[in-house]
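**Q** Pasting coords_4.cif here (mmCIF, C-alpha atoms):
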data_input
loop_
_atom_site.label_atom_id
_atom_site.label_comp_id
_atom_site.auth_asym_id
_atom_site.auth_seq_id
_atom_site.Cartn_x
_atom_site.Cartn_y
_atom_site.Cartn_z
CA MET A 1 0.00 0.00 0.00
CA SER A 2 1.27 3.48 -0.72
CA VAL A 3 0.16 6.77 0.71
CA ALA A 4 0.05 9.86 -1.44
CA CYS A 5 1.10 12.98 0.40
CA GLN A 6 1.15 16.46 -1.03
CA ILE A 7 4.37 17.86 0.37
CA ASN A 8 4.47 21.50 1.38
CA GLN A 9 8.01 22.61 2.18
CA ASN A 10 6.68 25.07 4.79
CA ILE A 11 5.14 22.43 7.06
CA ASN A 12 6.65 19.93 9.43
CA HIS A 13 7.16 16.64 7.60
CA LEU A 14 6.78 14.35 10.63
CA TRP A 15 3.28 13.08 9.88
CA PRO A 16 3.74 12.81 6.10
CA ILE A 17 6.94 10.80 6.70
CA LEU A 18 5.27 8.54 9.25
CA SER A 19 2.35 8.14 6.84
CA ALA A 20 4.72 7.01 4.11
CA LEU A 21 6.54 4.61 6.46
CA THR A 22 3.36 2.95 7.71
CA GLY A 23 1.35 3.07 4.50
CA GLU A 24 -1.50 4.79 6.34
CA PRO A 25 -2.87 8.32 5.92
CA LEU A 26 -1.85 9.35 9.44
CA ALA A 27 -1.50 13.00 8.49
CA ASP A 28 -5.21 13.06 7.67
CA LEU A 29 -6.37 11.55 10.97
CA PRO A 30 -7.18 13.39 14.20
CA TYR A 31 -4.16 13.33 16.53
CA ALA A 32 -5.85 10.97 19.01
CA GLU A 33 -6.23 8.38 16.24
CA ARG A 34 -2.65 8.70 14.98
CA LEU A 35 -0.88 7.34 18.04
CA PRO A 36 -2.73 3.99 18.22
CA ARG A 37 -2.11 3.52 14.48
CA LEU A 38 1.62 4.12 15.01
CA LEU A 39 1.70 1.61 17.85
CA ALA A 40 -0.01 -0.95 15.62
CA HIS A 41 3.06 -0.65 13.38
CA GLY A 42 5.48 -0.98 16.30
CA ILE A 43 6.31 2.73 16.33
CA GLY A 44 6.07 4.86 19.44
CA LEU A 45 6.29 8.63 19.69
CA TRP A 46 7.88 10.21 22.76
CA ASP A 47 9.46 13.57 23.61
CA VAL A 48 13.02 13.51 24.91
CA LEU A 49 12.28 16.75 26.74
CA GLY A 50 9.89 16.57 29.64
CA ALA A 51 9.87 20.36 29.97
CA CYS A 52 11.52 23.47 28.59
CA GLU A 53 10.93 27.13 27.95
CA ARG A 54 10.54 28.16 24.31
CA GLU A 55 9.05 31.04 22.39
CA GLY A 56 7.88 29.85 19.00
CA SER A 57 8.62 26.42 17.57
CA LEU A 58 12.32 26.51 16.69
CA ASP A 59 14.62 24.14 18.57
CA SER A 60 17.20 26.91 18.72
CA ALA A 61 14.78 28.83 20.97
CA ILE A 62 14.71 26.08 23.63
CA ARG A 63 15.82 27.34 27.05
CA LYS A 64 16.10 25.42 30.33
CA PRO A 65 15.61 21.95 28.82
CA ALA A 66 14.78 19.14 31.25
CA ALA A 67 15.06 15.56 30.04
CA ASN A 68 12.06 13.30 30.10
CA ASP A 69 12.12 10.31 32.47
CA PHE A 70 14.20 7.73 30.57
CA ALA A 71 13.81 5.11 33.30
CA ARG A 72 10.03 5.38 32.95
CA LEU A 73 10.31 4.86 29.20
CA ARG A 74 12.23 1.64 29.74
CA GLU A 75 9.61 0.50 32.27
CA LEU A 76 6.70 1.29 29.93
CA CYS A 77 8.37 -0.14 26.80
CA PRO A 78 10.44 -3.17 27.79
CA ARG A 79 10.65 -4.45 24.18
CA LEU A 80 11.98 -1.14 22.84
CA HIS A 81 15.25 -1.71 20.99
CA THR A 82 15.70 1.18 18.53
CA VAL A 83 15.31 4.87 19.28
CA GLY A 84 15.19 7.40 16.45
CA PHE A 85 15.80 11.05 17.17
CA ASN A 86 14.07 13.69 15.07
CA GLY A 87 16.98 16.03 14.39
CA GLN A 88 20.25 17.03 16.00
CA THR A 89 18.69 18.74 19.03
CA SER A 90 16.97 15.59 20.26
CA GLY A 91 19.93 13.57 18.96
CA LYS A 92 22.04 15.04 21.76
CA PHE A 93 20.35 12.42 23.96
CA ALA A 94 21.42 9.49 21.73
CA PRO A 95 24.54 8.67 23.79
CA GLN A 96 22.42 8.17 26.92
CA PHE A 97 20.19 5.71 25.08
CA ALA A 98 23.13 3.94 23.45
CA ALA A 99 24.77 3.54 26.87
CA ALA A 100 21.54 1.92 28.08
CA GLY A 101 21.80 -0.66 25.28
CA TYR A 102 19.48 0.81 22.66
CA ARG A 103 20.28 1.08 18.97
CA THR A 104 20.08 4.81 18.17
CA VAL A 105 19.55 6.62 14.88
CA VAL A 106 19.79 10.42 14.66
CA LEU A 107 17.50 11.34 11.79
CA PRO A 108 17.22 14.49 9.73
CA SER A 109 14.79 16.91 11.31
CA THR A 110 11.28 16.97 9.88
CA SER A 111 11.13 20.68 10.66
CA PRO A 112 10.58 23.09 7.78
CA ALA A 113 13.61 24.95 9.18
CA HIS A 114 15.73 21.98 7.99
CA ALA A 115 15.37 22.74 4.30
CA ALA A 116 18.81 21.39 3.33
CA MET A 117 17.16 18.06 2.48
CA SER A 118 14.14 17.35 0.34
CA PHE A 119 11.20 15.36 1.62
CA ALA A 120 12.38 12.34 -0.42
CA GLN A 121 15.87 12.54 1.12
CA LYS A 122 14.43 12.80 4.64
CA LEU A 123 12.11 9.86 4.00
CA ALA A 124 15.00 7.72 2.75
CA ALA A 125 16.94 8.47 5.93
CA TRP A 126 13.92 7.76 8.13
CA ARG A 127 13.53 4.35 6.50
CA ALA A 128 16.78 3.43 8.32
CA LEU A 129 14.73 2.98 11.48
CA GLY A 130 13.36 -0.28 10.13
CA ARG A 131 16.77 -1.75 9.36
#
Give the structure from this file in structure tokens form.

**A**
Amino acid sequence: MSVACQINQNINHLWPILSALTGEPLADLPYAERLPRLLAHGIGLWDVLGACEREGSLDSAIRKPAANDFARLRELCPRLHTVGFNGQTSGKFAPQFAAAGYRTVVLPSTSPAHAAMSFAQKLAAWRALGR
């Protein structure tokens, strides 16, 4: 099954990429329906930051970041083996996960601010999660 997504370079590509990876039109679903569909494909979505201060949506504007509870993640997801990080900012936490025994993949950011890569290039990199 393939999912057709009209790609707008000014939007975040997270949901279109996840739609393409799962073969489901996740981007078209209400948010509350997206998460169970991801889980059905063995994909979880979790923020590495539990709290921060930020004006706007740019990662560069993050101030006072506080990590989310990694021990709780391990408790809730005992079969978790691969952790993908959406961009370099969240990828700063990859060493902590690798030290805990997880396979880590720092992925290109889905943010429209990361315009150095096309949607197709980002999608190809995100497919590495399944390998």

**Q** Tell me which residues the PyMOL selection byres ((chain A and resi 81) around 8) grabs here, as a count of residues only.

**A** 7

**Q** List the residues selected by the PyMOL selection byres ((chain A and resi 66) around 8) in the file shown, writing them as a PyMOL selection string.

**A** chain A and resi 49-52+64-65+67-68

**Q** If you apply the PyMOL selection byres ((chain A and resi 58) around 12) to this file, what residues do you get, as a count of residues only?

**A** 19

**Q** I'd like to know which of A:Ser118, A:Thr104, A:Gln96, A:Ser90 is closest to Asp47 in chain A, using only C-alpha atoms.

**A**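 Between A:Ser118, A:Thr104, A:Gln96, A:Ser90, the residue approaching Asp47 in chain A most closely is A:Ser90.
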
**Q** Leaving out Ala40 in chain A and any residue of its chain fewer than 6 positions from it, which residues lie within 12 Å of it when counting all atoms listed in the file, given as a list of chain:residue names?

**A**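 The contact residues come out as A:Thr22, A:Gly23, A:Glu24, A:Glu33, A:Arg34.
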
**Q** Just the selected residues (C-alpha atoms), exported as a compact mmCIF listing (two decimals), in the coordinates of the input, please.

**A**
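As written to disk, again_6.txt reads:
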# COMPACT_ATOMS: atom_id res chain seq x y z
CA THR A 22 3.36 2.95 7.71
CA GLY A 23 1.35 3.07 4.50
CA GLU A 24 -1.50 4.79 6.34
CA GLU A 33 -6.23 8.38 16.24
CA ARG A 34 -2.65 8.70 14.98

**Q** Report, in Å with one decimal, the straight-line distance from CA of Lys92 in chain A to CA of Phe70 in chain A.

**A**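 Computing the Euclidean distance for CA of Lys92 in chain A and CA of Phe70 in chain A yields 13.9 Å.
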
**Q** What is the distance between CA of Ala100 in chain A and CA of Leu45 in chain A, in Å to one decimal?

**A**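 Rounded to one decimal, the two atoms are 18.7 Å apart.
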
**Q** What does the structure give for the distance between CA of Lys122 in chain A and CA of Pro108 in chain A, in Å to one decimal?

**A**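 CA of Pro108 in chain A lies at a distance of 6.0 Å from CA of Lys122 in chain A.
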
**Q** Mind checking which residues fall within 10 Å of Ala120 in chain A, counting only C-alpha atoms, ignoring those fewer than 4 positions away in the same chain, and posting them as an MDAnalysis selection string?

**A** chainID A and resid 7 17 124:126

**Q** Using all atoms listed in the file, which of the listed residues (A:Val48, A:Leu76, A:Leu107, A:Leu26) sits closest to Gln121 in chain A?

**A** A:Leu107
